[in-house]
$ cat query37.csv   # CSV, C-alpha atoms
chain,number,residue,atom,x,y,z
A,64,MET,CA,88.6,132.6,84.1
A,65,ASN,CA,85.0,133.4,83.2
A,66,LEU,CA,83.3,130.0,83.5
A,67,ASN,CA,80.5,131.2,81.3
A,68,ASN,CA,82.9,131.1,78.4
A,69,TYR,CA,83.9,127.5,79.0
A,70,VAL,CA,82.4,124.0,78.7
A,71,SER,CA,83.6,121.2,81.0
A,72,ILE,CA,83.9,117.7,79.5
A,73,MET,CA,85.6,115.0,81.6
A,74,ASP,CA,86.9,117.8,83.9
A,75,ILE,CA,88.6,119.5,81.0
A,76,GLU,CA,87.6,123.1,80.4
A,77,PHE,CA,87.1,123.9,76.7
A,78,ILE,CA,86.9,127.5,75.7
A,79,ASN,CA,83.5,128.2,74.1
A,80,THR,CA,84.1,130.5,71.2
A,81,THR,CA,84.7,130.5,67.4
A,82,LYS,CA,88.1,130.1,65.8
A,83,ASN,CA,88.2,133.7,64.7
A,84,ASN,CA,87.2,135.1,68.0
A,85,PHE,CA,89.7,132.8,69.8
A,86,LEU,CA,92.5,134.1,67.7
A,87,ASP,CA,91.5,137.8,67.6
A,88,GLN,CA,90.5,138.1,71.2
A,89,GLU,CA,92.9,135.7,73.0
A,90,ILE,CA,95.9,134.7,71.0
A,91,TYR,CA,96.9,137.7,68.8
A,92,PRO,CA,96.9,140.1,71.7
A,93,ARG,CA,99.1,137.8,73.7
A,94,LEU,CA,101.5,137.6,70.7
A,95,ASN,CA,101.6,141.4,70.5
A,96,GLN,CA,102.3,141.7,74.2
A,97,GLN,CA,104.9,139.0,74.1
A,98,GLU,CA,103.1,136.9,76.7
A,99,LYS,CA,103.4,133.1,77.2
A,100,CYS,CA,100.4,130.9,76.3
A,101,PHE,CA,99.9,127.1,76.2
A,102,ILE,CA,97.2,125.9,73.8
A,103,VAL,CA,96.0,122.3,73.8
A,104,THR,CA,94.0,121.1,70.7
A,105,ALA,CA,91.9,118.4,72.3
A,106,ASN,CA,90.0,115.6,70.6
A,107,PRO,CA,88.2,112.5,72.1
A,108,GLU,CA,91.5,110.6,72.1
A,109,ILE,CA,93.2,113.2,74.3
A,110,LEU,CA,90.2,113.3,76.6
A,111,MET,CA,90.3,109.5,77.0
A,112,LYS,CA,94.0,109.5,77.6
A,113,ALA,CA,93.5,112.2,80.3
A,114,ARG,CA,90.8,110.1,81.8
A,115,GLU,CA,93.1,107.1,82.1
A,116,ASP,CA,96.3,109.0,83.1
A,117,ALA,CA,95.9,111.4,86.1
A,118,VAL,CA,99.3,113.0,85.4
A,119,TYR,CA,98.5,113.7,81.8
A,120,LYS,CA,95.1,115.1,82.9
A,121,GLN,CA,96.9,117.6,85.1
A,122,THR,CA,99.1,118.6,82.1
A,123,ILE,CA,96.0,119.3,80.0
A,124,GLN,CA,94.4,121.2,82.8
A,125,SER,CA,97.6,123.4,83.1
A,126,ALA,CA,97.0,124.8,79.6
A,127,ASP,CA,95.8,128.4,79.2
A,128,PHE,CA,93.4,127.3,76.5
A,129,VAL,CA,91.9,123.9,75.5
A,130,ILE,CA,90.2,124.1,72.1
A,131,PRO,CA,87.8,121.5,70.7
A,132,ASP,CA,89.6,119.8,67.8
A,133,GLY,CA,87.4,116.9,67.0
A,134,ILE,CA,83.7,116.6,66.1
A,135,GLY,CA,83.3,114.0,68.9
A,136,VAL,CA,83.9,116.8,71.4
A,137,ILE,CA,81.3,119.0,69.7
A,138,MET,CA,78.8,116.2,69.7
A,139,ALA,CA,79.4,115.4,73.3
A,140,SER,CA,78.9,119.1,74.3
A,141,LYS,CA,75.6,119.1,72.6
A,142,TYR,CA,74.5,115.9,74.2
A,143,MET,CA,75.3,117.3,77.6
A,144,ASN,CA,73.2,120.4,76.8
A,145,THR,CA,76.3,122.7,77.0
A,146,PRO,CA,77.0,123.1,73.3
A,147,LEU,CA,80.3,124.4,72.1
A,148,GLN,CA,80.0,127.1,69.4
A,149,GLU,CA,82.1,125.3,66.8
A,150,ARG,CA,85.0,122.9,66.2
A,151,ILE,CA,88.3,124.6,66.1
A,152,PRO,CA,90.7,122.5,64.1
A,153,GLY,CA,94.3,122.6,65.3
A,154,THR,CA,95.7,122.5,61.7
A,155,GLU,CA,93.6,125.6,60.8
A,156,VAL,CA,94.8,127.4,63.9
A,157,MET,CA,98.4,126.6,63.1
A,158,MET,CA,98.0,127.9,59.6
A,159,ASP,CA,96.3,131.1,60.8
A,160,LEU,CA,99.1,131.7,63.2
A,161,LEU,CA,101.7,131.2,60.5
A,162,ALA,CA,99.9,133.7,58.4
A,163,TYR,CA,99.8,136.2,61.3
A,164,ALA,CA,103.5,135.6,62.0
A,165,ASN,CA,104.3,136.2,58.3
A,166,GLU,CA,102.3,139.5,58.4
A,167,HIS,CA,104.1,140.7,61.5
A,168,ARG,CA,107.5,139.2,60.8
A,169,LEU,CA,107.5,136.9,63.9
A,170,SER,CA,109.8,134.0,64.6
A,171,CYS,CA,108.7,130.3,64.8
A,172,TYR,CA,110.3,127.1,66.1
A,173,PHE,CA,109.2,123.7,64.7
A,174,LEU,CA,109.7,120.8,67.0
A,175,GLY,CA,108.7,117.2,66.2
A,176,ALA,CA,107.7,114.7,63.5
A,177,LYS,CA,110.1,112.6,61.4
A,178,ASP,CA,113.3,114.2,60.2
A,179,PHE,CA,112.3,114.5,56.6
A,180,VAL,CA,108.8,115.8,57.5
A,181,ASN,CA,110.3,118.4,59.8
A,182,GLU,CA,112.6,119.6,57.0
A,183,LYS,CA,109.8,119.7,54.5
A,184,VAL,CA,107.7,121.8,57.0
A,185,VAL,CA,110.5,124.4,57.2
A,186,LEU,CA,110.9,124.5,53.4
A,187,GLU,CA,107.1,124.9,53.0
A,188,VAL,CA,107.0,127.7,55.6
A,189,GLU,CA,109.8,129.5,53.8
A,190,LYS,CA,107.9,129.1,50.6
A,191,GLN,CA,104.4,130.1,51.8
A,192,PHE,CA,105.4,132.6,54.5
A,193,PRO,CA,108.7,134.2,53.5
A,194,ASN,CA,108.5,136.9,56.2
A,195,ILE,CA,108.6,134.4,59.0
A,196,GLU,CA,112.0,134.1,60.8
A,197,ILE,CA,112.8,130.4,61.4
A,198,ALA,CA,114.1,130.4,64.9
A,199,GLY,CA,115.0,126.8,64.6
A,200,ASN,CA,113.7,123.3,64.0
A,201,GLN,CA,114.3,119.7,65.3
A,202,HIS,CA,112.7,116.4,64.5
A,203,GLY,CA,111.0,114.4,67.3
A,204,TYR,CA,113.3,111.4,67.1
A,205,THR,CA,115.8,112.7,69.6
A,206,ASP,CA,116.1,113.5,73.3
A,207,VAL,CA,114.0,116.7,73.2
A,208,ASP,CA,114.2,116.9,77.0
A,209,ASP,CA,118.0,117.1,77.0
A,210,PRO,CA,118.9,120.3,78.9
A,211,THR,CA,121.4,121.4,76.3
A,212,PHE,CA,118.8,121.1,73.5
A,213,VAL,CA,116.1,122.9,75.6
A,214,GLU,CA,118.5,125.7,76.3
A,215,LYS,CA,119.2,126.0,72.6
A,216,VAL,CA,115.4,126.4,71.9
A,217,VAL,CA,115.1,128.9,74.7
A,218,LYS,CA,118.0,131.0,73.3
A,219,SER,CA,116.4,131.1,69.9
A,220,ASN,CA,113.7,133.2,71.6
A,221,PRO,CA,110.8,132.2,69.3
A,222,ASP,CA,107.4,134.0,69.2
A,223,LEU,CA,105.6,130.7,68.4
A,224,ILE,CA,106.6,127.1,69.2
A,225,PHE,CA,104.8,124.4,67.3
A,226,VAL,CA,105.3,121.0,68.9
A,227,ALA,CA,104.4,117.9,66.9
A,228,LEU,CA,105.5,115.0,69.2
A,229,GLY,CA,102.1,113.4,69.4
A,230,LEU,CA,100.2,112.8,72.6
A,231,PRO,CA,101.1,112.8,75.4
A,232,ARG,CA,104.7,113.9,74.6
A,233,GLN,CA,103.9,117.2,73.0
A,234,GLU,CA,101.8,118.5,75.9
A,235,GLN,CA,104.2,117.1,78.5
A,236,TRP,CA,107.1,118.8,76.8
A,237,VAL,CA,105.4,122.2,76.9
A,238,GLU,CA,104.3,121.9,80.5
A,239,LYS,CA,107.8,120.8,81.5
A,240,HIS,CA,109.7,123.5,79.8
A,241,ILE,CA,107.5,126.6,79.3
A,242,ASP,CA,108.7,128.2,82.5
A,243,GLN,CA,112.2,128.5,81.0
A,244,PHE,CA,110.9,130.8,78.2
A,245,ASN,CA,110.2,134.6,78.5
A,246,LYS,CA,107.5,134.6,75.9
A,247,GLY,CA,105.9,132.4,73.2
A,248,ILE,CA,102.7,130.8,72.1
A,249,PHE,CA,103.2,127.1,72.6
A,250,MET,CA,100.9,124.7,70.8
A,251,GLY,CA,100.8,120.9,70.4
A,252,VAL,CA,99.9,120.3,66.7
A,253,GLY,CA,99.9,116.5,66.5
A,254,GLY,CA,99.9,115.4,62.8
A,255,SER,CA,99.6,119.0,61.4
A,256,PHE,CA,103.3,118.9,60.3
A,257,ASP,CA,102.4,116.0,58.0
A,258,VAL,CA,99.6,118.1,56.5
A,259,LEU,CA,101.8,121.1,56.0
A,260,ALA,CA,104.6,119.0,54.5
A,261,GLY,CA,102.2,117.5,52.1
A,262,GLU,CA,102.6,114.0,53.4
A,263,VAL,CA,99.0,113.8,54.5
A,264,LYS,CA,96.1,115.6,52.7
A,265,ARG,CA,93.2,117.1,54.6
A,266,ALA,CA,89.7,116.1,53.7
A,267,PRO,CA,88.0,117.9,50.9
A,268,LYS,CA,86.0,120.9,52.1
A,269,ALA,CA,82.7,119.1,51.5
A,270,TRP,CA,83.8,116.3,53.9
A,271,ILE,CA,84.9,118.9,56.5
A,272,LYS,CA,81.6,120.8,56.2
A,273,LEU,CA,79.7,117.5,56.9
A,274,ASN,CA,82.0,116.9,59.9
A,275,LEU,CA,83.3,113.7,58.2
A,276,GLU,CA,87.0,114.6,58.2
A,277,TRP,CA,87.6,111.8,60.7
A,278,LEU,CA,86.1,109.3,58.2
A,279,TYR,CA,88.1,110.6,55.3
A,280,ARG,CA,91.3,110.2,57.3
A,281,LEU,CA,90.3,106.7,58.3
A,282,VAL,CA,89.8,105.8,54.6
A,283,LYS,CA,93.2,107.2,53.7
A,284,GLN,CA,94.9,105.8,56.8
A,285,PRO,CA,93.4,102.5,57.9
A,286,LEU,CA,95.9,102.2,60.7
A,287,ARG,CA,93.9,104.9,62.5
A,288,LEU,CA,91.1,102.4,63.2
A,289,LYS,CA,92.3,101.9,66.8
A,290,ARG,CA,92.0,105.7,67.4
A,291,VAL,CA,88.5,105.6,66.0
A,292,PHE,CA,87.6,103.0,68.6
A,293,LYS,CA,88.6,105.5,71.2
A,294,ILE,CA,86.1,108.0,69.7
A,295,PHE,CA,83.3,105.5,70.0
A,296,GLU,CA,84.3,104.6,73.5
A,297,PHE,CA,84.3,108.3,74.4
A,298,MET,CA,80.8,108.9,72.9
A,299,ALA,CA,79.5,105.8,74.6
A,300,ARG,CA,80.7,107.1,78.0
A,301,VAL,CA,79.0,110.5,77.3
A,302,ILE,CA,75.7,108.9,76.3
A,303,LEU,CA,75.7,106.5,79.2
A,304,LYS,CA,76.9,109.4,81.5
A,305,ARG,CA,79.9,107.5,82.6
A,306,ILE,CA,82.3,110.3,82.0
$ encode --input "query37.csv" --output "C-alpha cells"
Amino acid sequence: MNLNNYVSIMDIEFINTTKNNFLDQEIYPRLNQQEKCFIVTANPEILMKAREDAVYKQTIQSADFVIPDGIGVIMASKYMNTPLQERIPGTEVMMDLLAYANEHRLSCYFLGAKDFVNEKVVLEVEKQFPNIEIAGNQHGYTDVDDPTFVEKVVKSNPDLIFVALGLPRQEQWVEKHIDQFNKGIFMGVGGSFDVLAGEVKRAPKAWIKLNLEWLYRLVKQPLRLKRVFKIFEFMARVILKRI
C-alpha cells in the first residue's frame, strides 16, 4: 500500500483518488484478472460505528479499498488538511460496475434488501444490462450465513457480488465468507438496491452537485434523522479533534 494514495480518518484508510481512476486503475484490472477484492463504501455513519465497535472496525480495515461515500468524509478530510480528491458514491460505482459487466458479459450475484426489492433489482438489471449473467439472487431476510446457502453462492462463481444487508451485516458477511471464493469483486451497497429498483429516487443532479444529497434524502425519508445526528456527531469530533 502506497500511503501517499490514502487518507486516514478514524484509523480507516481511504483511497485518495477519483471515481474514474479508482475503477480504471484498481477495479477493472482486478476483474479482468479474476482476482478477489473487497470494497467498503464508507460514510460518517460507518466511521462512527467502527469507532464504537472494535470488531466492526477490524472488518472495515480488512477491506482492500475503502472509498469516501459521504460528503461528511470529504469535509472531514479537508478540515484535517489531508483532502480527499472527491466523493465516490457507492451507488454510482455499482452502476458503473454493472455497465462494465454488461459490456464484458460478466456474472453478478445480488444479495440483500427486501424480497420484492431484490426481485425488482434483478428485473431492472435484466432490462438495463441484458448481457449480464445473473449468477443468483437472495433477499436479506433469511439466514445468509447458513453454510448451505453460502456454498450455493460460491458455486454460482460470480464475477461481482453486491451485498445490500446494511451496516454492519454486509461488511461482516463479506469478511466472513470471501475466503471461500476463488474470485470476485465484493461490495457492500447499502440502500443502492432500493435506488436501482426505483423504490428510492436519488437527489436531482443540482442537489448532488451542491453536496446536498444527504438533505434531499432526509426530506424524502424523515426516518433518516437519527442517521443525520451521527453525521453531526462525527463532524463535531473532527472539529474538536476527538477522533
$ closest_residue --input "query37.csv" --among "A:Ala105, A:Ile134, A:Ile75, A:Val217" --to "A:Gly153" --atoms "only C-alpha atoms"
A:Ala105
$ atom_distance --input "query37.csv" --atom1 "atom CA of A:Phe212" --atom2 "atom CA of A:Gln96"
26.4 Å
$ atom_distance --input "query37.csv" --atom1 "atom CA of A:Phe101" --atom2 "atom CA of A:Phe249"
4.9 Å
$ residues_around --input "query37.csv" --residues "A:Glu166" --least-positions-apart "5" --cutoff "12 Å" --atoms "all atoms listed in the file" --output "VMD selection string"
chain A and resid 91 159 to 161 191 to 196
$ closest_residue --input "query37.csv" --among "A:Ile151, A:Val207, A:Leu230, A:Ile109" --to "A:Ile294" --atoms "all atoms listed in the file"
A:Ile109
$ residues_around --input "query37.csv" --residues "A:Gln124" --least-positions-apart "6" --cutoff "12 Å" --atoms "all atoms listed in the file" --output "list of chain:residue names"
A:Ser71, A:Ile72, A:Met73, A:Asp74, A:Ile75, A:Glu76, A:Phe77, A:Phe101, A:Ile102, A:Val103, A:Ala105, A:Ile109, A:Leu110, A:Ala113, A:Arg114, A:Ala117, A:Val118, A:Ile130, A:Glu234, A:Gln235, A:Glu238
$ atom_distance --input "query37.csv" --atom1 "atom CA of A:Val237" --atom2 "atom CA of A:Val301"
28.9 Å
$ residues_around --input "query37.csv" --residues "stretch 180-182 of chain A" --least-positions-apart "3" --cutoff "10 Å" --atoms "only C-alpha atoms" --output "number ranges by chain"
A: 173-177, 185-188, 200-203, 227, 256-262
$ closest_residue --input "query37.csv" --among "A:Lys190, A:His240, A:Lys304, A:Lys183" --to "A:Asp208" --atoms "all atoms listed in the file"
A:His240
$ closest_residue --input "query37.csv" --among "A:Glu89, A:Thr211, A:Lys112, A:Ile78" --to "A:Ile137" --atoms "only C-alpha atoms"
A:Ile78
$ closest_residue --input "query37.csv" --among "A:Thr104, A:Ser219, A:Thr205, A:Asn245" --to "A:Asp127" --atoms "all atoms listed in the file"
A:Thr104
$ closest_residue --input "query37.csv" --among "A:Thr154, A:Ser140, A:Asn95, A:Thr145" --to "A:Lys82" --atoms "all atoms listed in the file"
A:Thr154
$ axis_aligned_box --input "query37.csv" --around "stretch 88-99 of chain A" --padding-each-side "6 Å" --output "lines of an AutoDock Vina configuration file"
center_x = 97.7
center_y = 137.4
center_z = 73.0
size_x = 26.4
size_y = 20.6
size_z = 20.4
